[in-house]
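Everything below concerns the one structure shown next.
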Amino acid sequence: MEVALRIGVNLLKINRVCVHSASRITDSYAKQIQLNRDFSTEVTVNAAPLAVKKHKVSKAMKAYLERARENDEFMKTQKLEYQIGKRHLANMMGEDAETFTQEDIDNAIAYLFPSGIFDKRARPLMKSPEEVFPARKAAEFDETGRPFHSMFYTGRPNFFKLLYDIVEEMNKIHDLEERMLRRGTRADANQKIDFTGFQWMPKEQLESMLVEQINDLEYTNFTNAMDRLVSLPFSYKCQNFIKKFSKPLLDQTKQLEIPKPQFDADGRQFVTTYECLRKTARGDVTVRMPGTGKITINGHDITYFEELQSREQVLFPLIFAGLLGKVDVEANVEGGGTSGQAGAIRWGIAMSLRSFVDQEMVESMRLAGLLQRDYRRRERKKFGQEGARRKYTWKKR
Amino acid sequence: MLGRHSFKLPRLTNMCVAYSTAAAEASVEQLYNRPKLTSTDYRTAENNTKQHSAVHEGKFYTLSPEQKKQLFSGGGLPRQYEQQIKTFTEACLMVRPTSLELLNYIRNTDFTRPVVRYVLYGENGVGKTLTMAHVLHYGLQNNFVLVHVPWVPNWMKRPKETVNATTQEGFIDLPFDAAAWLVHFKTQNANLLTQLQLKTSKDYVWTKREATPAGSTLLELVEHGIARIKFASETIAALLSELKQHANDDKCKIMVAIDGFNAFFHPETRILGDNKQRITPDRVTLTQPFLDITNYNWKNGVCVLTVDKIGMTEGYMDSYLPRYLLGKEGFEHLDPFVPLHVDNYSDKEFASCIQYYLDRNWIQKTPEGFDEQLKYLSNKNPYTLMRLTRSL
């Protein structure tokens, strides 16, 4: 049985097929997925043993073989072109072609073809063909048209195999639990999997891992099954299996590094935040601790802003952190209008204050949106319209 | 009997004091229970401006309704402050350090010397006009004849009526404004003038039939001006020169208080001349008499003037400093003068003002730290604070 199957498989060890369509991979994590893809590899067609060759080749197989060959050739030429292009680029940039990395290519492209197009994915790029052309599923049947996979007729064999595997794991754990109970031992509470700070692999990523399209309901089934698996008392026994499908949540505050305060000539602590941006206003903000609540904006006091709205903007982080009257603020700001300048200073003060408050306050400041830079810009006017959104008054004639 | 009283009295008063303070504290605590601001030191019962000293700094004193009516019925308080007075049903003025300084100067003035000119200056809304109001109250209480112009730019910016002057060629007359000022002068000084019985020194012939003979009282002169609006401007000129002469003869003391004095030296007015050209302030008949009375060539008087940014028009409002606002000509006219800078509230004044607003139930929302926020939002500017607290 074993031998026969191997012969069958031997015929074609095909794992990947690409179509000629030049659609590009858009997912940012496409690269990362390719590394751990279990369901497809290089397209290689081995010479089949003579005995098998006599078998009649199905039409579907013939068509597939033709497509696989064409794809192979296409990818070969693409790779060659990529290599040549890389060498050209290296020469143009005056670098060594052998040590020219993908990063160098990206830099060279950004330098040679500067682009202001808003969407980064629409800008010129040069990547290896493996990244650019999406992977396709390998052949699922042999020359005679007989499917390899036992779940071929479910339509999504890889996905249902995965569900099957999950149940398999669950059954194993149930058996284990039974045995342990008979022996009188219970699950170790300390080893219980703590799933906080983790989430299941998102749908898109799972799809590209399985090389199959699944719908929302099926994805929910998957997460429910995984949740049930994790909730079992002995789930730590299949930790590796769970880890394969989980993804850590990013903690924002851990990402941002809080600067250490410096000391000025008076021995006071101070932190300067440069590049405080909002709309077209640019500025820098220095916060000194301890202080008397003096606020200096371009050499004036807070009356630099005539409007109360702007004054409130400047004072808000200080009030929020409870440091009004306890720190001194110096700000230099230029460009933009009143509200833009006030917003830039607000952000600068909030960023600087992180150094003078505890971690909890930093977190609540983040939740209040004080540490979030405001990227909104003025929206352009459109022709045929009165403004950015407003249309001209409709007139019958 | 007396002995018994005298030994009983202290205990009784002590009890009274204890009771009243307790009641006051309880009511204030309900309203505003934060210990850092002491609750009773924002008001003073001392209504005599002569007694005002550094102890009263930052405290509010009450102007009696009669005096308020006498002093300011023709203007002199900012309109929004008038509204606030109406709302609060009492006219309270804060004793500001600048007015204390000014009062101190006036108290120690040697009136045998030529008049000293004091110029109040400062940012918008710091209380220049109210400082002047305080000083005017002092003048009223100390028998000064008040020559008070509530707001000069009113004449230069929006006169009620303009006619060509009959006596002076090429000059513009503002009869209605002049008459209104005469009414204002009369309400302020009628009592004092009847006491003093000041007489005119020469005949004033207005027309063939009308004349004010020498020896008639100044009140008669004023009343004639009010009745015959056509001659109001000339009456003002006559009145001011008469007053100046009487002061020189030690018959009276005069306090000149002119708000928005820099409007007399503004490069242009909004008054249109014959050829539809904007004229300069020196061609308005009212200007010369008031410039004469702010000159230094007389005694027994004191001049309190304010220079104000908002007295100017667009393009001339860059700075609040006297030299800029008065221009070269005005500065030389006043030189030498005593400049007095009116500043924003100090911390003490600010706290007292907040207390006063709380007392009047003007501020009713008092979340934690509201006073700090107000302090920073308003930058301790009195006018901004008044505007901010409107909605609280």
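So you can find residues: chains in the structure tokens are A, B, ... in the order shown, residues in each start at 1, and ligands are numbered from 1 in order.
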
Residues of chain A within 8 Å of chain B, counting only C-alpha atoms, what are they? List them as a list in words.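 That gives the following set of residues: Ile302, Thr303, Leu308, Arg311, Glu312, Leu315, Ile319 and Leu324 of chain A.
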
Selection file, N, CA and C atoms, as a PDB file, in the first residue's frame:
```
ATOM      1  N   ILE A 302       0.647  83.113  26.748  1.00  0.00           N
ATOM      2  CA  ILE A 302      -0.407  82.354  26.068  1.00  0.00           C
ATOM      3  C   ILE A 302      -1.317  83.261  25.245  1.00  0.00           C
ATOM      4  N   THR A 303      -1.211  84.580  25.425  1.00  0.00           N
ATOM      5  CA  THR A 303      -2.018  85.502  24.613  1.00  0.00           C
ATOM      6  C   THR A 303      -1.540  85.520  23.159  1.00  0.00           C
ATOM      7  N   LEU A 308      -9.799  81.254  22.265  1.00  0.00           N
ATOM      8  CA  LEU A 308      -9.789  80.405  23.451  1.00  0.00           C
ATOM      9  C   LEU A 308      -9.614  78.947  23.080  1.00  0.00           C
ATOM     10  N   ARG A 311      -6.039  78.221  22.994  1.00  0.00           N
ATOM     11  CA  ARG A 311      -5.452  78.212  24.341  1.00  0.00           C
ATOM     12  C   ARG A 311      -5.813  76.917  25.054  1.00  0.00           C
ATOM     13  N   GLU A 312      -7.062  76.485  24.876  1.00  0.00           N
ATOM     14  CA  GLU A 312      -7.494  75.234  25.506  1.00  0.00           C
ATOM     15  C   GLU A 312      -6.685  74.064  24.973  1.00  0.00           C
ATOM     16  N   LEU A 315      -3.411  73.980  26.709  1.00  0.00           N
ATOM     17  CA  LEU A 315      -3.459  73.653  28.136  1.00  0.00           C
ATOM     18  C   LEU A 315      -3.931  72.224  28.395  1.00  0.00           C
ATOM     19  N   ILE A 319      -3.526  69.956  31.847  1.00  0.00           N
ATOM     20  CA  ILE A 319      -4.651  69.718  32.748  1.00  0.00           C
ATOM     21  C   ILE A 319      -4.866  68.219  32.905  1.00  0.00           C
ATOM     22  N   LEU A 324      -0.628  71.293  35.495  1.00  0.00           N
ATOM     23  CA  LEU A 324      -0.822  72.720  35.229  1.00  0.00           C
ATOM     24  C   LEU A 324      -0.250  73.523  36.394  1.00  0.00           C
TER      25      LEU A 324
END
```

Just the residues within 9 Å of segment 327-341 of chain A, please, counting only C-alpha atoms, with nothing from its chain fewer than 5 positions along; format it as a ChimeraX atom specification. /A:276-299,305-307,309-310,313,318,346,348-349

In Å, how far is it from atom CA of Leu182 of chain B to atom CA of Lys202 of chain B?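 According to the coordinates, atom CA of Leu182 of chain B and atom CA of Lys202 of chain B are separated by 19.8 Å.
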
Give the strand (DSSP E or B) residues of segment 173-246 of chain A, as assigned by DSSP on the backbone, as an MDAnalysis selection string. chainID A and resid 198:200 246
